[in-house]
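S.K.: Enclosed is the structure file protein.txt (compact mmCIF, C-alpha atoms and all ligand atoms).
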# COMPACT_ATOMS: atom_id res chain seq x y z
CA MET A 500 -179.32 73.47 -31.26
CA ASN A 501 -178.69 70.65 -28.83
CA GLN A 502 -175.59 70.14 -26.70
CA SER A 503 -173.66 68.03 -29.22
CA HIS A 504 -174.10 70.74 -31.86
CA GLN A 505 -173.14 73.51 -29.46
CA GLY A 506 -169.87 71.82 -28.64
CA ILE A 507 -167.61 72.02 -25.62
CA GLY A 508 -163.88 72.63 -25.11
CA MET A 509 -162.14 72.83 -28.48
CA THR A 510 -165.50 73.02 -30.27
CA SER A 511 -166.95 75.72 -27.99
CA GLN A 512 -168.43 79.05 -28.99
CA ARG A 513 -165.23 80.80 -27.92
CA THR A 514 -163.22 78.67 -30.35
CA ARG A 515 -165.70 79.45 -33.12
CA ASP A 516 -165.54 83.17 -32.39
CA ARG A 517 -161.77 83.02 -32.77
CA LEU A 518 -162.20 81.41 -36.20
CA VAL A 519 -164.58 84.18 -37.26
CA ARG A 520 -162.08 86.83 -36.16
CA ARG A 521 -159.45 85.23 -38.41
CA ILE A 522 -161.85 85.22 -41.34
CA ILE A 523 -162.59 88.92 -40.78
CA GLU A 524 -158.82 89.60 -40.70
CA GLY A 525 -158.63 87.81 -44.04
CA GLY A 526 -160.99 90.44 -45.47
CA VAL A 527 -164.47 88.89 -45.42
CA LYS A 528 -166.99 91.58 -44.55
CA ASP A 529 -170.50 90.21 -45.10
CA HIS A 530 -172.11 89.97 -41.67
CA ARG A 531 -174.69 87.44 -42.76
CA VAL A 532 -171.95 85.07 -43.87
CA LEU A 533 -169.85 85.63 -40.75
CA GLU A 534 -172.85 84.94 -38.54
CA VAL A 535 -173.63 81.67 -40.31
CA ILE A 536 -169.99 80.54 -39.97
CA ARG A 537 -170.12 81.47 -36.29
CA GLN A 538 -173.21 79.32 -35.74
CA MET A 539 -172.37 76.37 -37.97
CA PRO A 540 -171.04 73.34 -36.04
CA ARG A 541 -168.14 72.44 -38.36
CA HIS A 542 -167.09 69.61 -36.02
CA ILE A 543 -170.21 67.69 -37.11
CA PHE A 544 -168.74 67.53 -40.66
CA VAL A 545 -165.41 65.90 -39.79
CA ASP A 546 -164.38 62.63 -38.24
CA GLU A 547 -164.59 62.60 -34.45
CA ALA A 548 -160.81 62.20 -34.24
CA LEU A 549 -160.45 65.60 -35.96
CA ALA A 550 -163.23 67.39 -34.07
CA SER A 551 -160.76 69.28 -31.89
CA ARG A 552 -159.28 70.84 -35.05
CA ALA A 553 -162.61 71.67 -36.68
CA TYR A 554 -162.39 75.40 -35.88
CA GLU A 555 -158.89 75.89 -37.22
CA ASP A 556 -158.88 77.88 -40.43
CA THR A 557 -157.60 75.00 -42.54
CA ALA A 558 -158.81 72.27 -44.86
CA LEU A 559 -158.98 68.84 -43.19
CA PRO A 560 -159.16 65.31 -44.64
CA ILE A 561 -162.60 63.70 -44.93
CA GLY A 562 -161.50 60.41 -46.56
CA TYR A 563 -161.58 59.28 -50.21
CA GLY A 564 -158.65 61.64 -50.89
CA GLN A 565 -160.89 64.68 -50.39
CA THR A 566 -161.02 67.54 -47.87
CA ILE A 567 -163.45 69.82 -46.09
CA SER A 568 -162.74 73.31 -47.43
CA GLN A 569 -160.93 75.95 -45.42
CA PRO A 570 -163.53 78.11 -43.59
CA TYR A 571 -162.02 81.35 -44.93
CA VAL A 572 -162.46 80.11 -48.50
CA VAL A 573 -166.04 78.98 -47.82
CA ALA A 574 -166.82 82.41 -46.36
CA ARG A 575 -165.15 84.28 -49.22
CA MET A 576 -166.87 82.30 -51.98
CA THR A 577 -170.24 82.60 -50.25
CA GLU A 578 -169.77 86.34 -49.87
CA LEU A 579 -168.96 86.68 -53.58
CA LEU A 580 -172.12 84.81 -54.55
CA LEU A 581 -174.31 86.91 -52.26
CA GLN A 582 -173.00 90.23 -53.55
CA GLY A 583 -175.16 89.79 -56.62
CA GLY A 584 -178.38 90.26 -54.63
CA GLU A 585 -181.00 87.81 -53.42
CA LEU A 586 -180.37 84.19 -54.40
CA LYS A 587 -183.15 81.68 -54.80
CA ARG A 588 -181.60 78.68 -56.52
CA VAL A 589 -177.94 77.84 -56.08
CA LEU A 590 -175.90 74.96 -57.45
CA GLU A 591 -172.81 73.70 -55.68
CA VAL A 592 -170.42 71.38 -57.53
CA GLY A 593 -168.41 69.12 -55.19
CA THR A 594 -170.47 68.50 -52.05
CA GLY A 595 -167.76 66.64 -50.13
CA CYS A 596 -168.90 66.40 -46.50
CA GLY A 597 -171.62 69.04 -47.03
CA TYR A 598 -170.18 71.96 -45.03
CA GLN A 599 -170.33 74.59 -47.78
CA ALA A 600 -173.82 73.42 -48.73
CA ALA A 601 -174.92 73.79 -45.10
CA VAL A 602 -173.54 77.34 -44.96
CA LEU A 603 -175.35 78.22 -48.19
CA SER A 604 -178.59 76.67 -46.93
CA GLN A 605 -178.89 79.39 -44.29
CA LEU A 606 -178.55 82.19 -46.85
CA VAL A 607 -180.46 81.11 -49.97
CA GLU A 608 -183.80 79.50 -50.68
CA GLN A 609 -182.77 76.21 -52.29
CA VAL A 610 -179.38 74.56 -52.70
CA TYR A 611 -178.67 71.79 -55.20
CA SER A 612 -175.33 70.12 -54.66
CA VAL A 613 -173.68 67.45 -56.79
CA GLU A 614 -170.90 65.06 -55.84
CA ARG A 615 -169.18 62.40 -57.98
CA LEU A 616 -168.29 60.00 -55.14
CA GLN A 617 -171.26 58.03 -53.81
CA PRO A 618 -169.86 57.53 -50.25
CA LEU A 619 -169.52 61.30 -49.91
CA VAL A 620 -173.07 61.85 -51.16
CA GLU A 621 -174.22 59.65 -48.29
CA MET A 622 -171.88 61.29 -45.78
CA ALA A 623 -173.14 64.77 -46.69
CA GLN A 624 -176.77 63.68 -46.50
CA ARG A 625 -176.11 62.23 -43.05
CA HIS A 626 -174.56 65.49 -41.81
CA LEU A 627 -177.36 67.63 -43.24
CA ARG A 628 -180.02 65.38 -41.68
CA LYS A 629 -178.29 65.61 -38.32
CA LEU A 630 -178.60 69.40 -38.46
CA ALA A 631 -182.21 69.23 -39.74
CA ILE A 632 -181.26 71.14 -42.89
CA ARG A 633 -184.00 70.54 -45.44
CA ASN A 634 -183.33 72.93 -48.31
CA VAL A 635 -180.28 71.12 -49.75
CA ARG A 636 -180.66 68.36 -52.36
CA VAL A 637 -177.51 66.32 -52.85
CA SER A 638 -177.21 64.24 -55.98
CA HIS A 639 -174.67 61.79 -57.30
CA SER A 640 -173.45 63.11 -60.63
CA ASP A 641 -170.60 64.66 -62.57
CA GLY A 642 -170.89 68.36 -61.84
CA GLU A 643 -168.95 69.35 -64.93
CA TRP A 644 -172.29 69.13 -66.73
CA GLY A 645 -174.10 71.15 -64.08
CA LEU A 646 -177.63 70.04 -63.30
CA GLU A 647 -179.61 70.79 -66.39
CA ASP A 648 -183.08 69.83 -65.18
CA ARG A 649 -182.83 72.30 -62.26
CA ALA A 650 -181.29 75.20 -64.24
CA PRO A 651 -181.17 78.17 -64.46
CA PHE A 652 -179.37 79.07 -61.24
CA ASP A 653 -178.91 82.48 -59.60
CA GLY A 654 -175.57 81.28 -58.32
CA ILE A 655 -173.16 78.41 -58.97
CA LEU A 656 -170.29 77.67 -56.61
CA VAL A 657 -167.65 75.16 -57.66
CA ALA A 658 -165.56 73.54 -54.91
CA ALA A 659 -163.11 71.63 -57.14
CA ALA A 660 -160.86 73.10 -59.82
CA PRO A 661 -161.14 72.37 -63.56
CA GLU A 662 -158.40 73.44 -65.97
CA GLN A 663 -160.96 75.52 -67.84
CA VAL A 664 -164.41 76.87 -67.06
CA PRO A 665 -166.98 74.28 -68.21
CA GLU A 666 -169.30 75.94 -70.75
CA SER A 667 -172.31 74.02 -69.40
CA LEU A 668 -171.98 75.78 -66.03
CA LYS A 669 -171.99 79.20 -67.69
CA GLU A 670 -175.00 78.21 -69.76
CA GLN A 671 -176.94 77.21 -66.64
CA LEU A 672 -176.66 80.68 -65.08
CA ALA A 673 -179.72 82.92 -65.06
CA VAL A 674 -179.20 86.46 -66.41
CA GLY A 675 -177.62 88.34 -63.48
CA GLY A 676 -176.46 85.01 -62.03
CA ARG A 677 -172.94 84.48 -60.71
CA LEU A 678 -170.48 81.63 -61.03
CA VAL A 679 -167.65 81.41 -58.48
CA ILE A 680 -165.05 78.90 -59.60
CA PRO A 681 -161.36 78.06 -59.06
CA VAL A 682 -159.61 77.44 -62.38
CA GLY A 683 -156.14 76.14 -63.13
CA PRO A 684 -153.62 73.38 -62.45
CA PRO A 685 -153.34 71.60 -59.07
CA GLY A 686 -151.73 73.62 -56.31
CA ARG A 687 -152.54 77.11 -57.47
CA GLN A 688 -155.68 78.30 -59.13
CA ASP A 689 -157.32 81.63 -59.90
CA LEU A 690 -160.65 82.17 -58.20
CA LEU A 691 -162.93 83.57 -60.91
CA LEU A 692 -166.22 85.39 -60.62
CA ILE A 693 -168.23 85.13 -63.83
CA THR A 694 -171.46 87.09 -64.16
CA ARG A 695 -174.05 86.49 -66.84
CA THR A 696 -175.38 89.71 -68.36
CA GLU A 697 -178.01 90.35 -71.05
CA GLU A 698 -175.14 90.58 -73.55
CA GLY A 699 -172.94 87.70 -72.44
CA PHE A 700 -170.48 87.07 -69.60
CA GLN A 701 -168.19 89.23 -67.48
CA GLN A 702 -165.18 87.72 -65.79
CA GLN A 703 -163.04 88.86 -62.86
CA VAL A 704 -160.02 87.20 -61.23
CA LEU A 705 -160.25 87.63 -57.48
CA ASP A 706 -157.82 85.52 -55.48
CA TYR A 707 -155.37 82.68 -55.66
CA VAL A 708 -156.72 79.50 -54.12
CA SER A 709 -155.88 75.80 -53.86
CA PHE A 710 -158.61 73.21 -54.45
CA VAL A 711 -158.67 69.51 -55.28
CA PRO A 712 -159.07 68.98 -59.05
CA LEU A 713 -162.47 68.62 -60.71
CA VAL A 714 -162.50 65.05 -61.97
CA GLY A 715 -164.78 63.76 -64.72
CA GLY A 716 -167.14 60.81 -64.28
CA VAL A 717 -168.77 59.33 -61.18
CA SER A 718 -167.79 56.46 -58.91
N1 LIG A 801 -167.74 71.59 -50.63
C1 LIG A 801 -166.89 70.81 -49.74
C2 LIG A 801 -165.50 70.65 -50.30
C3 LIG A 801 -165.43 69.51 -51.18
S1 LIG A 801 -163.85 69.10 -51.85
C4 LIG A 801 -166.87 71.42 -48.36
O1 LIG A 801 -167.81 72.10 -48.02
O2 LIG A 801 -165.97 71.17 -47.59
C5 LIG A 801 -164.34 68.91 -53.52
C6 LIG A 801 -165.29 67.79 -53.81
O3 LIG A 801 -165.55 67.84 -55.21
C7 LIG A 801 -164.79 66.37 -53.54
O4 LIG A 801 -165.67 65.73 -52.68
C8 LIG A 801 -164.76 65.71 -54.91
O5 LIG A 801 -165.12 64.33 -54.89
C9 LIG A 801 -165.78 66.53 -55.67
N2 LIG A 801 -165.68 66.51 -57.13
C10 LIG A 801 -164.56 66.53 -57.88
N3 LIG A 801 -164.88 66.52 -59.20
C11 LIG A 801 -166.24 66.50 -59.27
C12 LIG A 801 -167.18 66.48 -60.34
N4 LIG A 801 -166.80 66.46 -61.63
N5 LIG A 801 -168.50 66.47 -60.03
C13 LIG A 801 -168.92 66.46 -58.75
N6 LIG A 801 -168.08 66.49 -57.69
C14 LIG A 801 -166.74 66.51 -57.94
Just give me the structure of the file as structure tokens.
M.R.:
Amino acid sequence: MNQSHQGIGMTSQRTRDRLVRRIIEGGVKDHRVLEVIRQMPRHIFVDEALASRAYEDTALPIGYGQTISQPYVVARMTELLLQGGELKRVLEVGTGCGYQAAVLSQLVEQVYSVERLQPLVEMAQRHLRKLAIRNVRVSHSDGEWGLEDRAPFDGILVAAAPEQVPESLKEQLAVGGRLVIPVGPPGRQDLLLITRTEEGFQQQVLDYVSFVPLVGGVS
């Protein structure tokens, strides 16, 4: 990576290593995920004015009332998806600035990501191009309906919280596929892991998390 991706001062490797240590303390164990977080230049995904805070373990504003997810949560959700074995096709709902999609791109074959706000679709595409990431397709649509023409998926990761699990997302899982999704009212949601089996679906509640709400329709 070139100098601007490497970062200096508050975006240096030392600062990134400190972030990874915090994520390990939080309980994330998967070395592949930790290594990708260590390498990924998160400061590229936020406004320049916030670049010095890019390696804090917190969500940050990205405009349009949305946020870049907390790195710990990105790491945890990615780890949960990967525990199911090798992933070829993954759907992300709620691209935002594209950080989670970029992390996934290093660990799976093909990422499809959908976002309901057109300016964020363009922002994410810009960030991914800057990093020469080519295995993420971002599209402008309402992710509540999944992405039927690309289904089935080995993994689906939802980065915004609905009040209930949308049936269409479950239906677009391959057998053995995993859906990681925050569910519940604003402020406090359960992070669910839903696995599709030959017989149906298994569901586990894993953590409490706080995501922006999943909103219907596009704009
Ligand atoms: N994945 C991002 C976090 C995005 S925040 C990251 O890596 O930081 C959640 C995003 O979900 C917001 O950009 C919001 O606009 C989007 N969103 C909310 N409801 C949606 C829906 N129904 N379909 C697609 N995107 C949605």
S.K.: With ligand LIG 801 (chain A) as the partner and 7 Å as the cut-off, tabulate the residues of chain A that qualify, each row holding the nearest pair of atoms and their distance in Å to one decimal, using only C-alpha atoms and all ligand atoms, sorted by chain and rising number, as a Markdown table.
M.R.:
| residue | atom | partner | partner_atom | distance |
| --- | --- | --- | --- | --- |
| A:Gln565 | CA | A:LIG801 | C7 | 5.3 |
| A:Thr566 | CA | A:LIG801 | S1 | 5.1 |
| A:Ile567 | CA | A:LIG801 | O2 | 3.2 |
| A:Ser568 | CA | A:LIG801 | O2 | 3.9 |
| A:Val592 | CA | A:LIG801 | C13 | 5.3 |
| A:Gly593 | CA | A:LIG801 | O3 | 3.1 |
| A:Thr594 | CA | A:LIG801 | N1 | 4.4 |
| A:Gly595 | CA | A:LIG801 | O4 | 3.4 |
| A:Cys596 | CA | A:LIG801 | O2 | 5.7 |
| A:Gly597 | CA | A:LIG801 | O1 | 5.0 |
| A:Tyr598 | CA | A:LIG801 | O1 | 3.8 |
| A:Gln599 | CA | A:LIG801 | O1 | 3.6 |
| A:Ala600 | CA | A:LIG801 | O1 | 6.2 |
| A:Val613 | CA | A:LIG801 | C13 | 5.2 |
| A:Glu614 | CA | A:LIG801 | N6 | 3.7 |
| A:Arg615 | CA | A:LIG801 | C13 | 4.1 |
| A:Leu616 | CA | A:LIG801 | O5 | 5.4 |
| A:Leu619 | CA | A:LIG801 | O4 | 6.5 |
| A:Ser640 | CA | A:LIG801 | C13 | 5.9 |
| A:Asp641 | CA | A:LIG801 | N5 | 3.8 |
| A:Gly642 | CA | A:LIG801 | N5 | 3.5 |
| A:Glu643 | CA | A:LIG801 | N4 | 4.9 |
| A:Ala658 | CA | A:LIG801 | C5 | 5.0 |
| A:Ala659 | CA | A:LIG801 | C5 | 4.7 |
| A:Val711 | CA | A:LIG801 | C5 | 6.0 |
| A:Pro712 | CA | A:LIG801 | C10 | 6.1 |
| A:Leu713 | CA | A:LIG801 | N3 | 3.5 |
| A:Val714 | CA | A:LIG801 | N3 | 3.9 |
| A:Gly715 | CA | A:LIG801 | N4 | 4.6 |
| A:Gly716 | CA | A:LIG801 | N4 | 6.2 |
S.K.: How would the residues just picked look written out with C-alpha atoms as an mmCIF file, keeping the file's coordinate frame?
M.R.:
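Below is the file that was written, result_31.cif:
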data_model
loop_
_atom_site.group_PDB
_atom_site.id
_atom_site.type_symbol
_atom_site.label_atom_id
_atom_site.label_comp_id
_atom_site.auth_asym_id
_atom_site.auth_seq_id
_atom_site.Cartn_x
_atom_site.Cartn_y
_atom_site.Cartn_z
ATOM 1 C CA GLN A 565 -160.890 64.680 -50.390
ATOM 2 C CA THR A 566 -161.020 67.540 -47.870
ATOM 3 C CA ILE A 567 -163.450 69.820 -46.090
ATOM 4 C CA SER A 568 -162.740 73.310 -47.430
ATOM 5 C CA VAL A 592 -170.420 71.380 -57.530
ATOM 6 C CA GLY A 593 -168.410 69.120 -55.190
ATOM 7 C CA THR A 594 -170.470 68.500 -52.050
ATOM 8 C CA GLY A 595 -167.760 66.640 -50.130
ATOM 9 C CA CYS A 596 -168.900 66.400 -46.500
ATOM 10 C CA GLY A 597 -171.620 69.040 -47.030
ATOM 11 C CA TYR A 598 -170.180 71.960 -45.030
ATOM 12 C CA GLN A 599 -170.330 74.590 -47.780
ATOM 13 C CA ALA A 600 -173.820 73.420 -48.730
ATOM 14 C CA VAL A 613 -173.680 67.450 -56.790
ATOM 15 C CA GLU A 614 -170.900 65.060 -55.840
ATOM 16 C CA ARG A 615 -169.180 62.400 -57.980
ATOM 17 C CA LEU A 616 -168.290 60.000 -55.140
ATOM 18 C CA LEU A 619 -169.520 61.300 -49.910
ATOM 19 C CA SER A 640 -173.450 63.110 -60.630
ATOM 20 C CA ASP A 641 -170.600 64.660 -62.570
ATOM 21 C CA GLY A 642 -170.890 68.360 -61.840
ATOM 22 C CA GLU A 643 -168.950 69.350 -64.930
ATOM 23 C CA ALA A 658 -165.560 73.540 -54.910
ATOM 24 C CA ALA A 659 -163.110 71.630 -57.140
ATOM 25 C CA VAL A 711 -158.670 69.510 -55.280
ATOM 26 C CA PRO A 712 -159.070 68.980 -59.050
ATOM 27 C CA LEU A 713 -162.470 68.620 -60.710
ATOM 28 C CA VAL A 714 -162.500 65.050 -61.970
ATOM 29 C CA GLY A 715 -164.780 63.760 -64.720
ATOM 30 C CA GLY A 716 -167.140 60.810 -64.280
#
S.K.: Smallest atom-to-atom distance to Lys629 in chain A: which of A:Val704, A:Ile680, A:Leu606, A:Ala601, using only C-alpha atoms?
M.R.: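 Looking only at the distances to Lys629 in chain A, the closest residue turns out to be A:Ala601.
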S.K.: Could you check the closest approach to Asn634 in chain A for each of A:Val572, A:Gln609, A:Ala550, A:Glu647 and tell me which residue wins, using all atoms listed in the file?
M.R.: A:Gln609
S.K.: Between CA of Ser667 in chain A and CA of Ala650 in chain A, what is the spacing in Å?
M.R.: 10.4 Å
S.K.: Compile the contact shell of Ala548 in chain A as a CSV table (one decimal) with C-alpha atoms, keeping the file's coordinate frame: residues with an atom at most 12 Å away, counting all atoms listed in the file, same-chain residues fewer than 4 positions apart removed.
M.R.:
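Saved to part_21.csv:
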chain,number,residue,atom,x,y,z
A,542,HIS,CA,-167.1,69.6,-36.0
A,543,ILE,CA,-170.2,67.7,-37.1
A,544,PHE,CA,-168.7,67.5,-40.7
A,552,ARG,CA,-159.3,70.8,-35.0
A,553,ALA,CA,-162.6,71.7,-36.7
A,559,LEU,CA,-159.0,68.8,-43.2
A,560,PRO,CA,-159.2,65.3,-44.6
A,561,ILE,CA,-162.6,63.7,-44.9
S.K.: With only C-alpha atoms as the basis for distance, which of A:Gly676, A:Pro684, A:Gly645, A:Gly564 is at the shortest distance from Pro618 in chain A?
M.R.: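 Nearest candidate to Pro618 in chain A out of A:Gly676, A:Pro684, A:Gly645, A:Gly564: A:Gly564.
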S.K.: Show me the residues around (-151.7, 76.2, -60.4) - criterion: an atom at most 10 Å away, all atoms listed in the file counted - as a PyMOL selection string.
M.R.: chain A and resi 660+662+681-689+707-710
S.K.: Calculate how many Å separate CA of Arg531 in chain A from CA of Ser612 in chain A, rounding to one decimal.
M.R.: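 Between CA of Arg531 in chain A and CA of Ser612 in chain A the gap is 21.0 Å.
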